[in-house]
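Source file entry_16.cif; content: mmCIF, C-alpha atoms.
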data_final
#
loop_
_atom_site.label_atom_id
_atom_site.label_comp_id
_atom_site.auth_asym_id
_atom_site.auth_seq_id
_atom_site.Cartn_x
_atom_site.Cartn_y
_atom_site.Cartn_z
CA MET K 1 -5.11 -31.67 -14.97
CA LYS K 2 -3.30 -30.13 -17.89
CA LEU K 3 -1.34 -26.95 -18.51
CA ALA K 4 -3.32 -24.89 -21.01
CA GLY K 5 -3.50 -21.60 -22.79
CA TYR K 6 -6.73 -19.80 -23.59
CA LEU K 7 -7.93 -16.84 -25.59
CA GLY K 8 -10.61 -14.51 -24.32
CA THR K 9 -11.38 -13.60 -20.74
CA ARG K 10 -12.11 -15.60 -17.63
CA THR K 11 -15.80 -14.92 -18.10
CA ASP K 12 -15.77 -15.44 -21.87
CA VAL K 13 -13.27 -18.08 -23.00
CA LYS K 14 -12.99 -18.21 -26.80
CA GLU K 15 -10.43 -20.94 -27.37
CA VAL K 16 -8.44 -23.46 -25.27
CA HIS K 17 -5.14 -25.14 -26.10
CA ASP K 18 -3.96 -28.01 -23.89
CA LEU K 19 -0.17 -28.28 -23.77
CA ARG K 20 0.71 -31.14 -21.46
CA ASP K 21 -0.18 -32.93 -18.25
CA LEU K 22 0.83 -31.13 -15.10
CA THR K 23 3.36 -33.10 -13.10
CA ALA K 24 2.63 -34.42 -9.62
CA ASP K 25 5.16 -31.92 -8.25
CA GLU K 26 3.42 -29.00 -10.02
CA LEU K 27 0.03 -30.06 -8.67
CA LYS K 28 1.55 -30.32 -5.20
CA HIS K 29 2.92 -26.77 -5.44
CA HIS K 30 -0.39 -25.44 -6.75
CA ALA K 31 -2.22 -26.98 -3.79
CA LEU K 32 0.32 -25.34 -1.45
CA TYR K 33 0.14 -21.89 -3.04
CA LYS K 34 -3.61 -21.66 -3.64
CA PRO K 35 -4.59 -20.75 -0.03
CA VAL K 36 -1.57 -18.41 0.27
CA VAL K 37 -2.66 -16.48 -2.81
CA ALA K 38 -6.26 -16.31 -1.59
CA GLU K 39 -5.25 -15.00 1.85
CA ALA K 40 -2.78 -12.50 0.40
CA GLY K 41 -5.49 -11.17 -1.90
CA ASN K 42 -7.71 -10.47 1.10
CA ARG K 43 -5.00 -8.99 3.33
CA LEU K 44 -2.62 -7.05 1.10
CA VAL K 45 -5.47 -5.01 -0.35
CA LEU K 46 -4.93 -2.80 2.72
CA PHE K 47 -1.78 -1.44 1.09
CA ARG K 48 -3.81 -0.45 -1.95
CA VAL K 49 -6.21 1.42 0.35
CA LEU K 50 -3.25 3.23 1.93
CA ASP K 51 -1.92 4.13 -1.50
CA GLU K 52 -5.32 5.57 -2.44
CA ASN K 53 -5.32 7.68 0.72
CA PHE K 54 -1.89 9.03 -0.16
CA ARG K 55 -2.99 9.73 -3.73
CA GLU K 56 -5.99 11.68 -2.41
CA TRP K 57 -3.70 13.75 -0.15
CA ASN K 58 -1.28 14.42 -2.98
CA ASP K 59 -4.03 15.25 -5.48
CA TYR K 60 -5.47 17.79 -3.07
CA LEU K 61 -2.06 19.44 -2.66
CA GLN K 62 -1.75 19.65 -6.44
CA SER K 63 -5.20 21.23 -6.67
CA LEU K 64 -3.99 24.12 -4.52
CA LEU K 65 -1.13 25.02 -6.82
CA HIS K 66 -3.00 27.51 -8.97
CA PRO K 67 -3.38 31.28 -8.70
CA GLY K 68 -6.48 32.81 -7.25
CA PRO K 69 -7.93 33.27 -3.78
CA LEU K 70 -8.98 30.27 -1.69
CA ASP K 71 -10.41 29.84 1.79
CA ASP K 72 -7.40 29.09 4.01
CA ASP K 73 -9.59 27.76 6.81
CA ALA K 74 -11.26 25.29 4.45
CA ILE K 75 -7.86 24.24 3.09
CA ALA K 76 -6.49 23.64 6.60
CA LEU K 77 -9.56 21.59 7.50
CA ASN K 78 -9.21 19.42 4.41
CA LEU K 79 -5.49 18.93 4.96
CA ASP K 80 -6.11 17.85 8.56
CA ARG K 81 -8.85 15.49 7.39
CA LEU K 82 -6.74 13.88 4.68
CA LEU K 83 -3.70 13.59 6.95
CA LEU K 84 -5.75 11.95 9.69
CA ASN K 85 -7.36 9.57 7.19
CA TYR K 86 -3.97 8.54 5.89
CA LEU K 87 -2.29 8.03 9.26
CA THR K 88 -5.31 6.22 10.69
CA CYS K 89 -5.17 3.82 7.75
CA ALA K 90 -1.43 3.29 8.28
CA GLN K 91 -2.06 2.57 11.97
CA HIS K 92 -4.84 0.13 11.07
CA ILE K 93 -2.49 -1.72 8.72
CA ARG K 94 0.14 -2.04 11.43
CA ALA K 95 -2.42 -3.23 14.01
CA HIS K 96 -3.96 -5.68 11.55
CA PHE K 97 -0.72 -7.38 10.59
CA GLU K 98 0.65 -7.25 14.13
CA GLY K 99 -2.46 -9.13 15.30
CA SER K 100 -2.21 -11.60 12.44
CA PHE K 101 1.44 -12.27 13.17
CA GLN K 102 0.86 -12.79 16.90
CA GLN K 103 -2.01 -15.15 16.21
CA ARG K 104 -0.03 -17.24 13.76
CA PHE K 105 3.36 -17.32 15.52
CA ARG K 106 2.54 -16.78 19.20
CA THR K 107 4.36 -20.02 20.13
CA ASP K 108 7.24 -19.67 17.65
CA SER K 109 10.05 -17.81 19.39
CA SER K 110 12.34 -17.78 16.34
CA GLU K 111 9.68 -16.12 14.16
CA GLN K 112 8.87 -13.69 16.97
CA LYS K 113 12.53 -12.72 17.19
CA LYS K 114 12.84 -12.34 13.40
CA TYR K 115 9.75 -10.12 13.18
CA LYS K 116 10.85 -7.91 16.05
CA MET K 117 14.34 -7.56 14.59
CA LEU K 118 13.01 -6.54 11.16
CA LEU K 119 10.72 -3.89 12.64
CA GLU K 120 13.44 -2.53 14.92
CA ASN K 121 15.83 -2.33 11.99
CA LEU K 122 13.28 -0.39 9.94
CA GLY K 123 12.77 2.05 12.82
CA GLN K 124 16.51 2.50 13.26
CA THR K 125 17.24 3.06 9.56
CA SER K 126 14.26 5.36 8.94
CA TRP K 127 13.74 8.19 11.40
CA THR K 128 10.68 9.21 9.37
CA PHE K 129 9.04 5.83 9.97
CA SER K 130 9.65 6.11 13.72
CA PHE K 131 8.45 9.72 13.80
CA PHE K 132 5.10 8.98 12.18
CA LEU K 133 4.45 6.10 14.55
CA ASP K 134 4.89 8.61 17.38
CA PHE K 135 3.00 11.32 15.50
CA ARG K 136 -0.03 9.06 15.06
CA ASN K 137 -0.18 8.71 18.85
CA TYR K 138 0.19 12.49 19.13
CA LEU K 139 -2.85 12.96 16.88
CA GLN K 140 -4.84 10.44 18.87
CA HIS K 141 -4.15 12.03 22.26
CA GLN K 142 -3.17 15.67 21.65
CA GLY K 143 -5.15 17.02 18.70
CA LEU K 144 -4.85 17.82 15.00
CA GLY K 145 -1.48 17.72 13.32
CA LEU K 146 -1.28 20.21 10.50
CA GLY K 147 0.95 22.70 12.31
CA PHE K 148 1.84 25.72 10.17
CA PHE K 149 0.27 26.14 6.73
CA LYS K 150 0.87 28.90 4.19
CA ARG K 151 -0.03 29.23 0.52
CA LYS K 152 2.21 31.72 -1.26
CA ILE K 153 1.29 33.26 -4.61
CA THR K 154 3.72 35.19 -6.80
CA PRO K 155 3.36 36.40 -10.41
CA THR K 156 5.15 33.27 -11.63
CA ALA K 157 4.40 30.51 -9.14
CA VAL K 158 2.21 29.14 -6.35
CA SER K 159 3.86 27.29 -3.47
CA LEU K 160 2.71 25.55 -0.29
CA GLU K 161 4.46 25.50 3.04
CA ILE K 162 3.23 22.85 5.49
CA THR K 163 5.45 22.43 8.52
CA LEU K 164 5.64 21.15 12.06
CA ASN K 165 7.72 22.79 14.78
CA SER K 166 9.71 20.35 16.91
CA VAL K 167 9.76 22.72 19.89
CA GLU K 168 5.98 23.14 19.80
CA LEU K 169 5.46 19.38 19.53
CA LEU K 170 7.72 18.81 22.53
CA ASN K 171 5.98 21.54 24.50
CA THR K 172 2.72 19.65 23.96
CA THR K 173 4.10 16.24 24.92
CA LYS K 174 7.47 14.71 25.71
CA ASP K 175 6.21 11.29 24.61
CA TRP K 176 8.21 10.49 21.46
CA PRO K 177 9.61 7.04 22.38
CA ARG K 178 10.47 5.74 18.91
CA SER K 179 11.78 8.81 17.10
CA LYS K 180 13.39 10.45 20.17
CA LEU K 181 12.28 13.83 18.84
CA THR K 182 14.43 16.74 20.03
CA ALA K 183 14.25 20.50 19.61
CA ALA K 184 17.32 20.26 17.40
CA LYS K 185 15.14 18.79 14.63
CA GLY K 186 13.74 22.30 14.21
CA ILE K 187 11.13 22.87 11.51
CA LEU K 188 9.84 19.65 9.93
CA GLU K 189 8.60 19.82 6.34
CA LEU K 190 5.46 17.69 6.53
CA THR K 191 4.90 17.03 2.82
CA ALA K 192 8.38 15.58 2.24
CA LEU K 193 8.24 13.59 5.48
CA LEU K 194 4.88 12.05 4.61
CA ARG K 195 6.11 11.15 1.12
CA ASP K 196 9.10 9.35 2.64
CA PHE K 197 6.91 7.59 5.22
CA HIS K 198 4.58 6.38 2.46
CA SER K 199 7.55 4.98 0.59
CA GLN K 200 8.70 3.16 3.74
CA MET K 201 5.22 1.70 4.30
CA MET K 202 4.69 0.60 0.71
CA GLN K 203 8.15 -0.86 0.19
CA LYS K 204 10.03 -1.66 3.40
CA TYR K 205 7.12 -2.41 5.76
CA SER K 206 5.17 -4.35 3.13
CA GLY K 207 8.35 -6.33 2.47
CA ILE K 208 8.50 -7.30 6.14
CA ILE K 209 4.88 -8.46 5.99
CA ILE K 210 5.52 -10.59 2.91
CA GLN K 211 8.73 -11.98 4.37
CA THR K 212 7.11 -12.98 7.67
CA LEU K 213 3.42 -13.66 6.99
CA PHE K 214 3.46 -14.57 3.30
CA ALA K 215 6.83 -16.22 2.82
CA ASP K 216 5.40 -18.46 0.06
CA LEU K 217 4.15 -15.54 -2.02
CA ASN K 218 7.37 -14.88 -3.93
CA PRO K 219 7.95 -18.57 -4.83
CA ALA K 220 4.27 -18.78 -5.79
CA ALA K 221 4.72 -15.83 -8.16
CA ASP K 222 7.79 -17.49 -9.68
CA PHE K 223 5.95 -20.83 -10.02
CA TYR K 224 3.00 -19.40 -11.97
CA LYS K 225 5.24 -17.07 -13.98
CA LYS K 226 7.30 -20.05 -15.19
CA LEU K 227 4.17 -21.90 -16.35
CA THR K 228 2.88 -18.76 -18.05
CA SER K 229 6.17 -18.38 -19.93
CA GLU K 230 5.88 -21.98 -21.10
CA VAL K 231 2.42 -21.30 -22.52
CA HIS K 232 3.60 -18.11 -24.22
CA LYS K 233 6.35 -19.96 -26.06
CA THR K 234 3.70 -21.88 -28.01
CA HIS K 235 0.76 -19.48 -27.82
CA PRO K 236 2.09 -15.93 -27.26
CA ALA K 237 -1.35 -14.32 -27.16
CA SER K 238 -2.86 -16.80 -24.72
CA ALA K 239 -3.30 -16.58 -20.97
CA MET K 240 -2.29 -19.54 -18.83
CA ALA K 241 -4.74 -21.78 -16.95
CA PHE K 242 -5.21 -25.39 -15.91
CA SER K 243 -7.59 -27.57 -17.90
CA ASN K 244 -9.35 -30.82 -17.00
CA GLY K 245 -8.54 -32.01 -20.53
CA THR K 246 -12.02 -33.37 -21.29
CA ASP K 247 -14.64 -30.62 -21.61
CA ALA K 248 -12.13 -27.72 -21.61
CA LYS K 249 -13.24 -26.69 -18.13
CA LEU K 250 -10.57 -24.33 -16.82
CA THR K 251 -9.13 -23.65 -13.40
CA PHE K 252 -7.95 -20.06 -13.47
CA VAL K 253 -4.64 -19.38 -11.74
CA PRO K 254 -2.41 -16.28 -11.55
CA ASN K 255 -0.24 -15.45 -14.53
CA ASP K 256 1.42 -12.38 -13.02
CA LEU K 257 0.64 -12.82 -9.32
CA PHE K 258 1.60 -9.41 -7.96
CA ALA K 259 -0.14 -7.60 -10.81
CA GLU K 260 -3.32 -9.63 -10.24
CA LEU K 261 -3.18 -8.85 -6.54
CA GLY K 262 -3.16 -5.21 -7.61
CA ILE K 263 0.13 -4.40 -5.90
CA SER K 264 2.69 -4.83 -8.66
CA GLY K 265 4.88 -1.75 -8.78
CA VAL K 266 3.41 -0.52 -5.49
CA ILE K 267 4.97 -2.71 -2.86
CA LYS K 268 8.45 -4.15 -2.89
CA LYS K 269 8.39 -7.87 -3.45
#
Will you turn the file into structure tokens for me?
Amino acid sequence: MKLAGYLGTRTDVKEVHDLRDLTADELKHHALYKPVVAEAGNRLVLFRVLDENFREWNDYLQSLLHPGPLDDDAIALNLDRLLLNYLTCAQHIRAHFEGSFQQRFRTDSSEQKKYKMLLENLGQTSWTFSFFLDFRNYLQHQGLGLGFFKRKITPTAVSLEITLNSVELLNTTKDWPRSKLTAAKGILELTALLRDFHSQMMQKYSGIIIQTLFADLNPAADFYKKLTSEVHKTHPASAMAFSNGTDAKLTFVPNDLFAELGISGVIKK
């Protein structure tokens, strides 16, 4: 197996340049990382789904920022729908990776302790993260979660006010075990809170998942990036692959792993 560069695409290879034989150590690392990359591709796509849900919520908010009459009841319904879609997806992600972790490390007390500590630390450092975990349970058991909504139009601007009232939430249920919600929190601005929660999910929580379930993903990215850089030194326009060296049959491997997983710039590596 040789390190190679190629021109074209993976479905239409135009030209192949073999550089050198891959070392035994490189082949060993490739064999180690191959199943990790495949599993990560199947699992981490959930974060891309969550990001699409947030984009849909945000795009709808932007669509309301124009003058002219709109049906407030229809707006409230759509906001409730999009919010529920988003938070249901976030809950699914947490349940999915929690189940995966328990299945993989159910007999490893040190990994169990590490995972629990990382999650507790995230909850302690981000009140927003803790609040939305509680709020998702509120939606499941108490009802819809939009709270107060108002669209204000002036001669020079259109603004949206979407809030939750801490007192009203507490009057509905006292069950806020993670966030310890109190009346002193007052009026909660939902749009800003959800934006912060999304950031926590896409960066901090995803980082915990990579650190615990996909610990080999970062070294895998570095491994393939180093080989890609070597190819680019000789053939700057080529992509990197492995070649069998006889009939130019290629084994396609990641060049920029996180970009090819579709999560580069979305989650924190």
Explicit residue set for the PyMOL selection byres ((chain K and resi 119) around 12), as an mmCIF file with C-alpha atoms, in the coordinates of the input:
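Everything below was put into expr_32.cif:
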data_model
loop_
_atom_site.group_PDB
_atom_site.id
_atom_site.type_symbol
_atom_site.label_atom_id
_atom_site.label_comp_id
_atom_site.auth_asym_id
_atom_site.auth_seq_id
_atom_site.Cartn_x
_atom_site.Cartn_y
_atom_site.Cartn_z
ATOM 1 C CA ARG K 94 0.140 -2.040 11.430
ATOM 2 C CA GLU K 98 0.650 -7.250 14.130
ATOM 3 C CA GLN K 112 8.870 -13.690 16.970
ATOM 4 C CA LYS K 113 12.530 -12.720 17.190
ATOM 5 C CA LYS K 114 12.840 -12.340 13.400
ATOM 6 C CA TYR K 115 9.750 -10.120 13.180
ATOM 7 C CA LYS K 116 10.850 -7.910 16.050
ATOM 8 C CA MET K 117 14.340 -7.560 14.590
ATOM 9 C CA LEU K 118 13.010 -6.540 11.160
ATOM 10 C CA GLU K 120 13.440 -2.530 14.920
ATOM 11 C CA ASN K 121 15.830 -2.330 11.990
ATOM 12 C CA LEU K 122 13.280 -0.390 9.940
ATOM 13 C CA GLY K 123 12.770 2.050 12.820
ATOM 14 C CA GLN K 124 16.510 2.500 13.260
ATOM 15 C CA THR K 125 17.240 3.060 9.560
ATOM 16 C CA SER K 126 14.260 5.360 8.940
ATOM 17 C CA PHE K 129 9.040 5.830 9.970
ATOM 18 C CA SER K 130 9.650 6.110 13.720
ATOM 19 C CA LEU K 133 4.450 6.100 14.550
ATOM 20 C CA ARG K 178 10.470 5.740 18.910
ATOM 21 C CA GLN K 200 8.700 3.160 3.740
ATOM 22 C CA MET K 201 5.220 1.700 4.300
ATOM 23 C CA LYS K 204 10.030 -1.660 3.400
ATOM 24 C CA TYR K 205 7.120 -2.410 5.760
ATOM 25 C CA SER K 206 5.170 -4.350 3.130
ATOM 26 C CA GLY K 207 8.350 -6.330 2.470
ATOM 27 C CA ILE K 208 8.500 -7.300 6.140
ATOM 28 C CA ILE K 209 4.880 -8.460 5.990
ATOM 29 C CA GLN K 211 8.730 -11.980 4.370
ATOM 30 C CA THR K 212 7.110 -12.980 7.670
#
Hey, what's within 10 Å of region 1-3 of chain K if we count all atoms listed in the file and toss same-chain stuff fewer than 6 positions away? As a compact mmCIF listing (two decimals) with C-alpha atoms, in the frame of the given file, please?
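Listed below is the output, around08.txt:
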# COMPACT_ATOMS: atom_id res chain seq x y z
CA HIS K 17 -5.14 -25.14 -26.10
CA ASP K 18 -3.96 -28.01 -23.89
CA LEU K 19 -0.17 -28.28 -23.77
CA ARG K 20 0.71 -31.14 -21.46
CA ASP K 21 -0.18 -32.93 -18.25
CA LEU K 22 0.83 -31.13 -15.10
CA THR K 23 3.36 -33.10 -13.10
CA ALA K 24 2.63 -34.42 -9.62
CA GLU K 26 3.42 -29.00 -10.02
CA LEU K 27 0.03 -30.06 -8.67
CA LEU K 227 4.17 -21.90 -16.35
CA THR K 228 2.88 -18.76 -18.05
CA GLU K 230 5.88 -21.98 -21.10
CA VAL K 231 2.42 -21.30 -22.52
CA MET K 240 -2.29 -19.54 -18.83
CA ALA K 241 -4.74 -21.78 -16.95
CA PHE K 242 -5.21 -25.39 -15.91
CA SER K 243 -7.59 -27.57 -17.90
CA ASN K 244 -9.35 -30.82 -17.00
CA GLY K 245 -8.54 -32.01 -20.53
CA THR K 246 -12.02 -33.37 -21.29
CA ALA K 248 -12.13 -27.72 -21.61
CA LEU K 250 -10.57 -24.33 -16.82
CA THR K 251 -9.13 -23.65 -13.40
Legend entry - For CA of Phe148 (chain K) and CA of Ile187 (chain K), the interatomic separation in Å (one decimal): 9.8 Å
Inset, instruction - Excluding Tyr6 (chain K) and any residue of its chain fewer than 2 positions from it, enumerate the residues within 6 Å of it, using all atoms listed in the file, and give them as number ranges by chain. - result: K: 15-16, 238-239
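Restricting the calculation to only C-alpha atoms, the smallest distance between Ile210 (chain K) and any of K:His232, K:Lys34, K:Arg43, K:Arg10 is found for K:Arg43.
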Legend entry - Exercise: Asn165 (chain K) partners within 10 Å, all atoms listed in the file, chain neighbours under 6 positions left out, as a list of chain:residue names: K:Gly147, K:Phe148, K:Asn171, K:Ala183, K:Lys185, K:Gly186, K:Ile187, K:Leu188, K:Glu189, K:Leu190
Legend entry - Separation of CA of Leu61 (chain K) from CA of Ser199 (chain K), in Å and rounded to one decimal: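 These atoms are spaced 17.7 Å apart.
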Inset, instruction - Report the distance between CA of Ser110 (chain K) and CA of Lys28 (chain K) in Å, rounded to one decimal place. - result: 27.2 Å
Inset, instruction - Rank nothing, just name the residue among K:Asp108, K:Asp196, K:Glu161, K:Asp80 nearest to Phe132 (chain K), using all atoms listed in the file. - result: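 Closest residue, counting all atoms listed in the file: K:Asp196.
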Inset, instruction - May I ask which of the residues K:Phe197, K:Phe252, K:Trp176, K:Tyr224 is the closest one to Thr128 (chain K), counting all atoms listed in the file? - result: K:Phe197
Inset, instruction - Name every residue that the PyMOL selection byres ((chain K and resi 216) around 12) selects in this structure, writing the answer as a list in words with chains first and numbers rising. - result: His29, His30, Leu32, Tyr33, Lys34, Pro35, Val36, Val37, Ala38, Glu39, Ala40, Ile209, Ile210, Gln211, Thr212, Leu213, Phe214, Ala215, Leu217, Asn218, Pro219, Ala220, Ala221, Asp222, Phe223, Leu257 and Lys269 of chain K
Inset, instruction - For Ile263 (chain K), work out the shell of residues within 12 Å, counting all atoms listed in the file and skipping chain neighbours fewer than 4 positions away, then give it as a list in words. - result: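 Counting only the stated atoms, we get Ala40, Gly41, Arg43, Leu44, Val45, Leu46, Phe47, Arg48, Val49, Leu50, Asp51, Glu52, Met202, Gln203, Ser206, Gly207, Asp256, Leu257, Phe258, Ala259, Ile267, Lys268 and Lys269 of chain K.
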Inset, instruction - For each of K:Val13, K:His141, K:Leu64, K:Arg106, take the minimum atom-to-atom distance to Ala76 (chain K), counting all atoms listed in the file, then give the residue where this is smallest. - result: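 Closest residue, counting all atoms listed in the file: K:Leu64.
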Inset, instruction - Let me know the residues the PyMOL selection byres ((chain K and resi 152) around 12) catches in the file above, as a list in words. - result: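 In the shown coordinates, the PyMOL selection byres ((chain K and resi 152) around 12) covers Leu64, Leu65, His66, Pro67, Gly68, Pro69, Leu70, Asp72, Phe149, Lys150, Arg151, Ile153, Thr154, Pro155, Thr156, Ala157, Val158, Ser159, Leu160, Glu161 and Ile162 of chain K.
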Legend entry - Which residue of K:Trp127, K:Trp57, K:Tyr138, K:Phe97 approaches Leu82 (chain K) most closely, using only C-alpha atoms: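 Among K:Trp127, K:Trp57, K:Tyr138, K:Phe97, it is K:Trp57 that comes nearest to Leu82 (chain K).
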Legend entry - Shortest interatomic distance to Leu139 (chain K) - which of K:Leu79, K:Ala4, K:Leu84, K:Ala184, counting only C-alpha atoms: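 Selected residue with least distance to Leu139 (chain K): K:Leu84.
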